[in-house]
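Here's the structure we're looking at; comments come further down.
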Amino acid sequence: MKNKNMPSYIIAIILAVIFIYPLYILILIAFEPISLTFDRLYPYQLPFIFTLKNFEASIKDLSLIKPVIRSIIVAFTVGILAIALATPAGYGLNKLAARFSNKIIMLMFVVNMMPAIVIAIPISVYFIKVGLYNNIFGIALAQELVVLPISVFIMLGGFRALPQDIENQAMVDGASIFHSFRNVILPLIKIPLLISFLLAWMTSWDEFTYAVIISPVNPTFPVSLYDYVSRGEPFIASSFALLVTIPVIVIVVVLQKYLKGEYLSGGMKI
Amino acid sequence: MHRYRNYRYMVYVLPALAYVAVLSFFPAASVVFYSFKTPRGVYSISNYEAISKAGLLTSIGNTVIVSFGALLIQLFFAILIANILIKSLKGNKLFSTIFILPYGISTVVSAFIFSLIFSPVGGFANSTLYSLGIHSVDWYSTKYSSMGVVMFADFWKNTPLVALILMGGMSTIPPSLNEAASVDGAGSLRRFIHITLPNLAPFIAIALLIRGVSEFNIFALPLILIGYHPSLINTLVYEYFIYSSTTYYSYAAASVLLAIIVVFAFIIIKFGGAKQYEK
Amino acid sequence: MKYKLELVDLEKSFSNKKVLDKLNLKVIDGEFLVVLGPSGEGKSTLLRTIVGIENLDSGKIIVNGTDVTFKPPNKRNIAMVFQNYALYPNMTAYENIAFPLKMARTDRNSIRSKVDQVAKLLNIEPQLNINVTRLSGGQQQRVAIARALVRDPALFLLDEPLSNLDARVRYTSRQELKRLQKELSHTFVYVTHDQVEASNLADRVAVLHNGVIEQIGPYNELYEKPNTQWVGDFIGTYPMNFIPGDLMGYPDSTIGFRTRWVSEGNDITAKVTLIENSEGNYFVHCKTGDSDIVIRTDTKYNVDDTISFGLERFNIYKNGVLEEIKSGNSVASSGINDVDN
């Protein structure tokens, strides 16, 4: 029995090394003295010499704190907006005939397929007129386009999973629309809500195209990281890159349980 | 119970739908419209002529190579990973956590890391080669090797998502099918070809659609890793947008990109089995 | 007579299909009314319009003398038990039962005493603090009924509440439901397609067909004196037998009779096609002219035998509607009922 699984293990281990190696490099450049990494033609990979100097330096460099704060604000805005728009949409789509709601979902995904750069350039022109250019809420509004279809999809799945007639029962039991949502529906869609929010948050955190075109002067973290790299000053950004990566990795590991068929394709009615 | 059509529930859907329509359809339409406008206010195809002389076709070619290359690599490894993770091996929890990690690392950070690994001179990849006594390599010596670097970074970042979708698909295949086939004497390869693959087809189509479209849109990775040498169509649009005095060239290039995506999506939806989901 | 519920000319269609077509119905205070009809005849729709989940196209709904047609479900003072119970899965049994009281802003102490009281009545006290998703089907059904009972509304609507239970639990639940309704003298409107339930539970049965109540009355009345051929065909384990009236000397009409309404005689001659043996009786399927009929006998015939028999009693239908009831020499004993229990 054990021999049968050997090839699987070998492949899994090789792939695991490939997947971990870049992360190791990220940790290396964040915690190893610059004299061993950036300053050398052939940087040291082993042994690992630990220092916090890079970290101290980059945290002292205030220029990167602002972009991180911007990124956080944008990501929360995108997440909240996603829930605000996707919850009613998922609720409504669930009530419509499946034939009809599936078409709407398809339409949203088709729209989602339009290249960000194609949308971002004309939007930036409009945003200049309405004062949303170089504005973090401008970025959030544009990034919402990327996350909205998947959020609606996930929320639709959440509503479809509700027991039949549960909302009707609440009304018959004397609950107003507010109470039926607050006391009956909401507790049952907590998880899809959380997943929508976190996926939206992560997508925004990662998003580059809209951010660089709509707000080049007040950049989010990915954009300012790009600035540092293109200016040839990667060591300033390296510790920060690790710092901002950790929370997202934590989210992904937490979400792992839910990042499966049910939610990514949960709203699908076959 | 039958669920009757009740159009009044459209009210709940409209805000999301309107949001997407206004901020997406409208700008996209205006891009196509203005791509025919010249600085002198006349409408013609002169923008397209200008950009095709300036290497549009090469960029399209590069984009197609990178997109399909990255897509195939991702699909291959995603199937491999999904096949391993779907078995109940010891240590699978650890493996699945490792395989999902890149999904949580932002594209720009990934690009940044890979730019350090694949430095033109030195860098971590060459450092490994050096310590093994092998000559160092200029990863950007040819156009194709440059694109290879982009594909590799993209493979690393995006394979987890494809694997997740495929695993979702594999978990829908009843184990009894595989058991029945192995009773009938089918080996693991034949079981994979005759049972797993056909049942997985719609999920592969979905993954191809989701990833394929984003593949044509990859922007941050090539921009950071290879800049405009060679340029893909996305970086070309951006280059025109940043460096040219009018937006019209970038509009024209963007329209071409839009057309390619529409064609690609159409092909996948039409022939890829995604239709099955529309029912 | 005091009516708990009056339905006046209810109309409802779904995409051009008329589900309720000027339906009228009056439910007497304290009665157990069963609405019986084949699947897809709009039984559930009827309940859903009464409780207010579905909107009416036209018509009037009067509960306890008050017109509630334009009131939302939470203002109608009607309780409903849905087919799948629609229990709140995030709550315990106690919280489920307490929910309607909480919505009515009942104070904590009386919530507790009322829930305890109804839990005792339904024998679910040990399960009160368990999450409802972990209860058995029968227990879930009791919780759903408890949640309806706890409010003391004007009227109870039940949508096939026993259909998800297995046979034995269904039997005991049926007895209990009947007992509860009589003890508390509540008014129940109960929807089902199951004739056994209808015959066992109902004070009166209302047969829903083509969007109207085609006949209403005690089950035995429906069984013996179906107003229309359709009801005769629908009610009973075996449909009523129908033969052309000419055979008995009633031209332009149809004769209807039940399997047991036969006697010695020569009224009808038929050829045996199939024999069923059921608990000591023979149900003989035979053909007379173009009509297929089933009669109950004590004699064991063989397939292809030619038999003749008389009719003790029969109903005469003209254009599908009951015209006359003929009792032969001796009127058959009342309460004849071939529905299995």
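How things are named: the first chain in the structure tokens is A, the next is B, and so on; residues count from 1 in each chain; ligands count from 1 in the order shown.
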| message | Contacts from chain C to chain B, 9 Å maximum, only C-alpha atoms: show me the residue list as a list of chain:residue names. | response | C:Phe14, C:Ser15, C:Ser44
May I have the selected residues written with all heavy atoms, as a PDB file, in the first residue's frame?
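Full text of result_4.pdb as output:
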```
ATOM      1  N   PHE C  14     -50.880  31.609 -12.207  1.00  0.00           N
ATOM      2  CA  PHE C  14     -49.440  31.684 -12.421  1.00  0.00           C
ATOM      3  C   PHE C  14     -49.188  31.555 -13.912  1.00  0.00           C
ATOM      4  O   PHE C  14     -49.526  30.531 -14.490  1.00  0.00           O
ATOM      5  CB  PHE C  14     -48.710  30.561 -11.684  1.00  0.00           C
ATOM      6  CG  PHE C  14     -48.724  30.731 -10.205  1.00  0.00           C
ATOM      7  CD1 PHE C  14     -49.343  29.805  -9.398  1.00  0.00           C
ATOM      8  CD2 PHE C  14     -48.111  31.828  -9.628  1.00  0.00           C
ATOM      9  CE1 PHE C  14     -49.350  29.957  -8.025  1.00  0.00           C
ATOM     10  CE2 PHE C  14     -48.117  31.977  -8.253  1.00  0.00           C
ATOM     11  CZ  PHE C  14     -48.742  31.050  -7.456  1.00  0.00           C
ATOM     12  N   SER C  15     -48.575  32.563 -14.494  1.00  0.00           N
ATOM     13  CA  SER C  15     -48.285  32.601 -15.930  1.00  0.00           C
ATOM     14  C   SER C  15     -49.386  31.901 -16.740  1.00  0.00           C
ATOM     15  O   SER C  15     -49.179  30.852 -17.329  1.00  0.00           O
ATOM     16  CB  SER C  15     -46.916  32.003 -16.232  1.00  0.00           C
ATOM     17  OG  SER C  15     -46.750  30.760 -15.623  1.00  0.00           O
ATOM     18  N   SER C  44     -51.332  23.715  -2.000  1.00  0.00           N
ATOM     19  CA  SER C  44     -50.384  24.547  -1.262  1.00  0.00           C
ATOM     20  C   SER C  44     -50.606  26.015  -1.556  1.00  0.00           C
ATOM     21  O   SER C  44     -50.538  26.853  -0.656  1.00  0.00           O
ATOM     22  CB  SER C  44     -48.950  24.171  -1.634  1.00  0.00           C
ATOM     23  OG  SER C  44     -48.610  22.945  -1.053  1.00  0.00           O
TER      24      SER C  44
END
```
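For Pro160 in chain B, the set of protein, DNA and RNA residues having any atom at most 10 Å away, when counting only C-alpha atoms and skipping those fewer than 2 positions along the same chain, is Phe19 of chain A; Gln74, Phe77, Ala78, Ile81, Ala82, Ser96, Ile98, Phe99, Ile100, Leu101, Pro102, Tyr103, Gly104, Phe155, Trp156, Lys157, Asn158, Val162, Ala163, Leu164, Ile165 and Leu166 of chain B.
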Residues of the last selection are to be written out with N, CA, C and O atoms, as a PDB file, in the first residue's frame.
```pdb
ATOM      1  N   PHE A  19       6.644  25.612  -4.502  1.00  0.00           N
ATOM      2  CA  PHE A  19       5.687  26.608  -4.009  1.00  0.00           C
ATOM      3  C   PHE A  19       6.226  27.371  -2.808  1.00  0.00           C
ATOM      4  O   PHE A  19       5.861  28.521  -2.591  1.00  0.00           O
TER       5      PHE A  19
ATOM      6  N   GLN B  74      -0.572  25.721 -16.021  1.00  0.00           N
ATOM      7  CA  GLN B  74      -1.419  25.742 -14.833  1.00  0.00           C
ATOM      8  C   GLN B  74      -2.374  24.570 -14.801  1.00  0.00           C
ATOM      9  O   GLN B  74      -2.559  23.930 -13.770  1.00  0.00           O
ATOM     10  N   PHE B  77      -0.513  21.248 -13.972  1.00  0.00           N
ATOM     11  CA  PHE B  77      -0.122  21.091 -12.573  1.00  0.00           C
ATOM     12  C   PHE B  77      -1.327  21.093 -11.638  1.00  0.00           C
ATOM     13  O   PHE B  77      -1.312  20.442 -10.601  1.00  0.00           O
ATOM     14  N   ALA B  78      -2.365  21.823 -12.032  1.00  0.00           N
ATOM     15  CA  ALA B  78      -3.565  21.838 -11.188  1.00  0.00           C
ATOM     16  C   ALA B  78      -4.208  20.457 -11.158  1.00  0.00           C
ATOM     17  O   ALA B  78      -4.645  19.987 -10.106  1.00  0.00           O
ATOM     18  N   ILE B  81      -2.050  18.349  -8.924  1.00  0.00           N
ATOM     19  CA  ILE B  81      -2.243  18.673  -7.504  1.00  0.00           C
ATOM     20  C   ILE B  81      -3.595  18.169  -7.011  1.00  0.00           C
ATOM     21  O   ILE B  81      -3.700  17.534  -5.962  1.00  0.00           O
ATOM     22  N   ALA B  82      -4.621  18.434  -7.807  1.00  0.00           N
ATOM     23  CA  ALA B  82      -5.959  18.004  -7.395  1.00  0.00           C
ATOM     24  C   ALA B  82      -6.006  16.491  -7.238  1.00  0.00           C
ATOM     25  O   ALA B  82      -6.621  15.966  -6.312  1.00  0.00           O
ATOM     26  N   SER B  96      -1.996  20.685   1.221  1.00  0.00           N
ATOM     27  CA  SER B  96      -2.995  21.578   0.635  1.00  0.00           C
ATOM     28  C   SER B  96      -2.795  22.994   1.152  1.00  0.00           C
ATOM     29  O   SER B  96      -3.031  23.953   0.420  1.00  0.00           O
ATOM     30  N   ILE B  98       0.153  24.270   1.860  1.00  0.00           N
ATOM     31  CA  ILE B  98       1.307  24.784   1.114  1.00  0.00           C
ATOM     32  C   ILE B  98       0.895  25.190  -0.302  1.00  0.00           C
ATOM     33  O   ILE B  98       1.261  26.250  -0.794  1.00  0.00           O
ATOM     34  N   PHE B  99       0.078  24.327  -0.929  1.00  0.00           N
ATOM     35  CA  PHE B  99      -0.286  24.600  -2.321  1.00  0.00           C
ATOM     36  C   PHE B  99      -1.182  25.821  -2.463  1.00  0.00           C
ATOM     37  O   PHE B  99      -1.308  26.389  -3.544  1.00  0.00           O
ATOM     38  N   ILE B 100      -1.834  26.217  -1.373  1.00  0.00           N
ATOM     39  CA  ILE B 100      -2.753  27.340  -1.498  1.00  0.00           C
ATOM     40  C   ILE B 100      -2.062  28.665  -1.162  1.00  0.00           C
ATOM     41  O   ILE B 100      -2.570  29.741  -1.487  1.00  0.00           O
ATOM     42  N   LEU B 101      -0.886  28.588  -0.538  1.00  0.00           N
ATOM     43  CA  LEU B 101      -0.217  29.810  -0.085  1.00  0.00           C
ATOM     44  C   LEU B 101      -0.062  30.889  -1.170  1.00  0.00           C
ATOM     45  O   LEU B 101      -0.376  32.050  -0.924  1.00  0.00           O
ATOM     46  N   PRO B 102       0.403  30.539  -2.371  1.00  0.00           N
ATOM     47  CA  PRO B 102       0.611  31.600  -3.364  1.00  0.00           C
ATOM     48  C   PRO B 102      -0.649  32.414  -3.657  1.00  0.00           C
ATOM     49  O   PRO B 102      -0.569  33.583  -4.004  1.00  0.00           O
ATOM     50  N   TYR B 103      -1.817  31.770  -3.483  1.00  0.00           N
ATOM     51  CA  TYR B 103      -3.087  32.463  -3.711  1.00  0.00           C
ATOM     52  C   TYR B 103      -3.195  33.679  -2.800  1.00  0.00           C
ATOM     53  O   TYR B 103      -3.826  34.678  -3.134  1.00  0.00           O
ATOM     54  N   GLY B 104      -2.565  33.614  -1.633  1.00  0.00           N
ATOM     55  CA  GLY B 104      -2.667  34.704  -0.675  1.00  0.00           C
ATOM     56  C   GLY B 104      -1.583  35.753  -0.828  1.00  0.00           C
ATOM     57  O   GLY B 104      -1.538  36.707  -0.056  1.00  0.00           O
ATOM     58  N   PHE B 155       2.337  30.911 -13.294  1.00  0.00           N
ATOM     59  CA  PHE B 155       2.018  29.537 -12.885  1.00  0.00           C
ATOM     60  C   PHE B 155       2.011  29.439 -11.365  1.00  0.00           C
ATOM     61  O   PHE B 155       1.098  28.892 -10.750  1.00  0.00           O
ATOM     62  N   TRP B 156       3.048  30.004 -10.762  1.00  0.00           N
ATOM     63  CA  TRP B 156       3.192  29.905  -9.308  1.00  0.00           C
ATOM     64  C   TRP B 156       2.029  30.582  -8.588  1.00  0.00           C
ATOM     65  O   TRP B 156       1.450  30.052  -7.660  1.00  0.00           O
ATOM     66  N   LYS B 157       1.677  31.773  -9.087  1.00  0.00           N
ATOM     67  CA  LYS B 157       0.645  32.559  -8.401  1.00  0.00           C
ATOM     68  C   LYS B 157      -0.751  31.973  -8.591  1.00  0.00           C
ATOM     69  O   LYS B 157      -1.574  32.025  -7.682  1.00  0.00           O
ATOM     70  N   ASN B 158      -1.030  31.438  -9.769  1.00  0.00           N
ATOM     71  CA  ASN B 158      -2.432  31.149 -10.093  1.00  0.00           C
ATOM     72  C   ASN B 158      -2.830  29.684 -10.151  1.00  0.00           C
ATOM     73  O   ASN B 158      -4.009  29.373 -10.224  1.00  0.00           O
ATOM     74  N   VAL B 162      -6.832  27.305  -9.856  1.00  0.00           N
ATOM     75  CA  VAL B 162      -7.295  26.288 -10.800  1.00  0.00           C
ATOM     76  C   VAL B 162      -7.452  24.949 -10.073  1.00  0.00           C
ATOM     77  O   VAL B 162      -8.439  24.234 -10.256  1.00  0.00           O
ATOM     78  N   ALA B 163      -6.474  24.646  -9.220  1.00  0.00           N
ATOM     79  CA  ALA B 163      -6.541  23.381  -8.484  1.00  0.00           C
ATOM     80  C   ALA B 163      -7.775  23.336  -7.595  1.00  0.00           C
ATOM     81  O   ALA B 163      -8.435  22.295  -7.478  1.00  0.00           O
ATOM     82  N   LEU B 164      -8.106  24.469  -6.977  1.00  0.00           N
ATOM     83  CA  LEU B 164      -9.292  24.526  -6.118  1.00  0.00           C
ATOM     84  C   LEU B 164     -10.561  24.217  -6.900  1.00  0.00           C
ATOM     85  O   LEU B 164     -11.412  23.443  -6.462  1.00  0.00           O
ATOM     86  N   ILE B 165     -10.675  24.839  -8.074  1.00  0.00           N
ATOM     87  CA  ILE B 165     -11.873  24.614  -8.891  1.00  0.00           C
ATOM     88  C   ILE B 165     -11.954  23.143  -9.306  1.00  0.00           C
ATOM     89  O   ILE B 165     -13.005  22.512  -9.220  1.00  0.00           O
ATOM     90  N   LEU B 166     -10.814  22.584  -9.724  1.00  0.00           N
ATOM     91  CA  LEU B 166     -10.824  21.196 -10.171  1.00  0.00           C
ATOM     92  C   LEU B 166     -11.122  20.242  -9.020  1.00  0.00           C
ATOM     93  O   LEU B 166     -11.800  19.233  -9.197  1.00  0.00           O
TER      94      LEU B 166
END
```
Sorted per-residue table, chain C near chain A, closest atoms and distance, 7 Å, only C-alpha atoms, as JSON lines:
```
{"residue": "C:Ile53", "atom": "CA", "partner": "A:Asn168", "partner_atom": "CA", "distance": 6.5}
{"residue": "C:Pro73", "atom": "CA", "partner": "A:Val172", "partner_atom": "CA", "distance": 5.2}
{"residue": "C:Asn74", "atom": "CA", "partner": "A:Gly174", "partner_atom": "CA", "distance": 3.9}
{"residue": "C:Lys75", "atom": "CA", "partner": "A:Gly174", "partner_atom": "CA", "distance": 6.9}
{"residue": "C:Ala79", "atom": "CA", "partner": "A:Val172", "partner_atom": "CA", "distance": 6.3}
{"residue": "C:Met80", "atom": "CA", "partner": "A:Val172", "partner_atom": "CA", "distance": 6.8}
{"residue": "C:Ala86", "atom": "CA", "partner": "A:Ile166", "partner_atom": "CA", "distance": 5.0}
{"residue": "C:Leu87", "atom": "CA", "partner": "A:Ile166", "partner_atom": "CA", "distance": 6.9}
{"residue": "C:Tyr88", "atom": "CA", "partner": "A:Ile166", "partner_atom": "CA", "distance": 6.8}
{"residue": "C:Asn90", "atom": "CA", "partner": "A:Leu188", "partner_atom": "CA", "distance": 6.8}
{"residue": "C:Pro100", "atom": "CA", "partner": "A:Asp173", "partner_atom": "CA", "distance": 4.7}
{"residue": "C:Met103", "atom": "CA", "partner": "A:Ala175", "partner_atom": "CA", "distance": 5.6}
{"residue": "C:Ala104", "atom": "CA", "partner": "A:Gly174", "partner_atom": "CA", "distance": 6.8}
```
| field | Distance-based interface of chain B with chain A, 7 Å, counting only C-alpha atoms, as number ranges by chain | value | B: 3-7, 9-10, 12-13, 15-16, 20, 24, 27-28, 31, 84, 95, 97-99, 101, 104-109, 113, 122-124, 126-127, 156, 164-165, 168-169, 213, 217, 219-220, 224, 254, 258, 277-279
| Which neighbours of Tyr48 in chain B fall inside 9 Å, counting only C-alpha atoms, when residues of the same chain fewer than 5 positions from it are skipped, and could you give them as a VMD selection string? | chain B and resid 35 to 36 53 56 249 252 to 253 256
Take the selection from the previous step and output its residues with all heavy atoms, as a PDB file, in the first residue's frame.
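Written output follows (selection_31.pdb):
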```pdb
ATOM      1  N   SER B  35     -11.775  54.914 -30.062  1.00  0.00           N
ATOM      2  CA  SER B  35     -10.601  54.364 -30.716  1.00  0.00           C
ATOM      3  C   SER B  35     -10.571  54.740 -32.192  1.00  0.00           C
ATOM      4  O   SER B  35      -9.543  54.673 -32.839  1.00  0.00           O
ATOM      5  CB  SER B  35     -10.563  52.848 -30.552  1.00  0.00           C
ATOM      6  OG  SER B  35     -11.591  52.256 -31.312  1.00  0.00           O
ATOM      7  N   PHE B  36     -11.746  55.150 -32.715  1.00  0.00           N
ATOM      8  CA  PHE B  36     -11.790  55.540 -34.131  1.00  0.00           C
ATOM      9  C   PHE B  36     -11.601  57.034 -34.328  1.00  0.00           C
ATOM     10  O   PHE B  36     -11.614  57.528 -35.437  1.00  0.00           O
ATOM     11  CB  PHE B  36     -13.133  55.106 -34.751  1.00  0.00           C
ATOM     12  CG  PHE B  36     -13.278  53.623 -34.848  1.00  0.00           C
ATOM     13  CD1 PHE B  36     -14.028  52.912 -33.921  1.00  0.00           C
ATOM     14  CD2 PHE B  36     -12.637  52.920 -35.875  1.00  0.00           C
ATOM     15  CE1 PHE B  36     -14.142  51.536 -34.011  1.00  0.00           C
ATOM     16  CE2 PHE B  36     -12.753  51.548 -35.973  1.00  0.00           C
ATOM     17  CZ  PHE B  36     -13.500  50.857 -35.044  1.00  0.00           C
ATOM     18  N   LYS B  53       1.555  49.432 -37.180  1.00  0.00           N
ATOM     19  CA  LYS B  53       2.919  49.651 -37.664  1.00  0.00           C
ATOM     20  C   LYS B  53       3.910  49.612 -36.495  1.00  0.00           C
ATOM     21  O   LYS B  53       5.068  49.242 -36.651  1.00  0.00           O
ATOM     22  CB  LYS B  53       3.018  51.021 -38.356  1.00  0.00           C
ATOM     23  CG  LYS B  53       2.647  50.955 -39.823  1.00  0.00           C
ATOM     24  CD  LYS B  53       2.775  52.326 -40.462  1.00  0.00           C
ATOM     25  CE  LYS B  53       1.895  52.432 -41.696  1.00  0.00           C
ATOM     26  NZ  LYS B  53       1.254  53.738 -41.797  1.00  0.00           N
ATOM     27  N   LEU B  56       1.931  46.226 -32.949  1.00  0.00           N
ATOM     28  CA  LEU B  56       0.747  45.654 -32.305  1.00  0.00           C
ATOM     29  C   LEU B  56       0.693  44.140 -32.506  1.00  0.00           C
ATOM     30  O   LEU B  56       0.424  43.381 -31.583  1.00  0.00           O
ATOM     31  CB  LEU B  56      -0.521  46.303 -32.862  1.00  0.00           C
ATOM     32  CG  LEU B  56      -1.830  45.678 -32.377  1.00  0.00           C
ATOM     33  CD1 LEU B  56      -2.104  46.072 -30.947  1.00  0.00           C
ATOM     34  CD2 LEU B  56      -2.991  46.060 -33.265  1.00  0.00           C
ATOM     35  N   TYR B 249      -4.460  56.170 -29.088  1.00  0.00           N
ATOM     36  CA  TYR B 249      -3.723  54.945 -29.411  1.00  0.00           C
ATOM     37  C   TYR B 249      -4.004  53.853 -28.386  1.00  0.00           C
ATOM     38  O   TYR B 249      -4.207  52.695 -28.725  1.00  0.00           O
ATOM     39  CB  TYR B 249      -2.211  55.218 -29.474  1.00  0.00           C
ATOM     40  CG  TYR B 249      -1.776  55.993 -30.688  1.00  0.00           C
ATOM     41  CD1 TYR B 249      -0.515  56.577 -30.754  1.00  0.00           C
ATOM     42  CD2 TYR B 249      -2.624  56.138 -31.787  1.00  0.00           C
ATOM     43  CE1 TYR B 249      -0.114  57.286 -31.863  1.00  0.00           C
ATOM     44  CE2 TYR B 249      -2.236  56.849 -32.905  1.00  0.00           C
ATOM     45  CZ  TYR B 249      -0.976  57.428 -32.939  1.00  0.00           C
ATOM     46  OH  TYR B 249      -0.583  58.125 -34.033  1.00  0.00           O
ATOM     47  N   ALA B 252      -7.307  52.358 -29.052  1.00  0.00           N
ATOM     48  CA  ALA B 252      -7.315  51.424 -30.174  1.00  0.00           C
ATOM     49  C   ALA B 252      -6.742  50.078 -29.738  1.00  0.00           C
ATOM     50  O   ALA B 252      -7.306  49.016 -30.018  1.00  0.00           O
ATOM     51  CB  ALA B 252      -6.517  51.998 -31.340  1.00  0.00           C
ATOM     52  N   ALA B 253      -5.612  50.130 -29.016  1.00  0.00           N
ATOM     53  CA  ALA B 253      -4.996  48.888 -28.555  1.00  0.00           C
ATOM     54  C   ALA B 253      -5.928  48.157 -27.591  1.00  0.00           C
ATOM     55  O   ALA B 253      -6.065  46.931 -27.642  1.00  0.00           O
ATOM     56  CB  ALA B 253      -3.660  49.182 -27.878  1.00  0.00           C
ATOM     57  N   VAL B 256      -8.593  46.275 -29.402  1.00  0.00           N
ATOM     58  CA  VAL B 256      -8.095  45.012 -29.944  1.00  0.00           C
ATOM     59  C   VAL B 256      -8.115  43.946 -28.842  1.00  0.00           C
ATOM     60  O   VAL B 256      -8.575  42.817 -29.045  1.00  0.00           O
ATOM     61  CB  VAL B 256      -6.671  45.190 -30.515  1.00  0.00           C
ATOM     62  CG1 VAL B 256      -6.100  43.839 -30.929  1.00  0.00           C
ATOM     63  CG2 VAL B 256      -6.697  46.149 -31.682  1.00  0.00           C
TER      64      VAL B 256
END
```
| task | Just the residues within 12 Å of Val189 in chain C, please, counting only C-alpha atoms, with nothing from its chain fewer than 2 positions along; format it as a ChimeraX atom specification. | result | /C:4-6,25-36,43-44,46-48,50-51,78-81,154-161,181,186-187,191-192,198,201-206
Write out as a CSV table (one decimal) with C-alpha atoms, in the first residue's frame all residues of range 153-261 of chain C that backbone DSSP assigns to strand (DSSP E).
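Final file, result05.csv:
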```csv
chain,number,residue,atom,x,y,z
C,155,LEU,CA,-56.7,29.4,12.6
C,156,PHE,CA,-54.1,26.7,11.9
C,157,LEU,CA,-53.0,25.8,8.4
C,158,LEU,CA,-51.1,22.6,7.9
C,159,ASP,CA,-49.5,21.7,4.6
C,188,PHE,CA,-57.5,23.3,11.5
C,189,VAL,CA,-57.3,23.6,7.8
C,190,TYR,CA,-55.2,20.6,6.7
C,191,VAL,CA,-54.0,20.0,3.1
C,192,THR,CA,-53.2,16.6,1.8
C,204,ARG,CA,-65.3,17.6,6.7
C,205,VAL,CA,-63.3,17.1,3.5
C,206,ALA,CA,-63.2,19.7,0.8
C,207,VAL,CA,-62.1,18.3,-2.6
C,208,LEU,CA,-60.1,20.8,-4.7
C,209,HIS,CA,-60.3,20.4,-8.4
C,212,VAL,CA,-62.6,25.3,-7.0
C,213,ILE,CA,-64.0,23.2,-4.1
C,214,GLU,CA,-65.8,20.6,-6.1
C,215,GLN,CA,-67.5,19.0,-3.1
C,216,ILE,CA,-67.4,19.5,0.6
C,217,GLY,CA,-68.7,17.2,3.4
C,241,ASN,CA,-67.2,2.2,-11.4
C,242,PHE,CA,-68.9,3.9,-14.3
C,243,ILE,CA,-71.0,2.2,-16.9
C,244,PRO,CA,-73.3,3.6,-19.6
C,254,THR,CA,-74.0,7.2,-16.6
C,255,ILE,CA,-74.4,4.7,-13.8
C,256,GLY,CA,-71.9,4.9,-10.9
C,257,PHE,CA,-71.4,2.3,-8.2
```
| message | If you run DSSP on the backbone here, which positions in range 44-258 of chain C get helix (DSSP H, G or I)? Please write them as an MDAnalysis selection string. | response | chainID C and resid 44:51 73:75 93:103 108:122 125:127 132:134 137:149 167:184 195:201 219:224 229:234 245:248
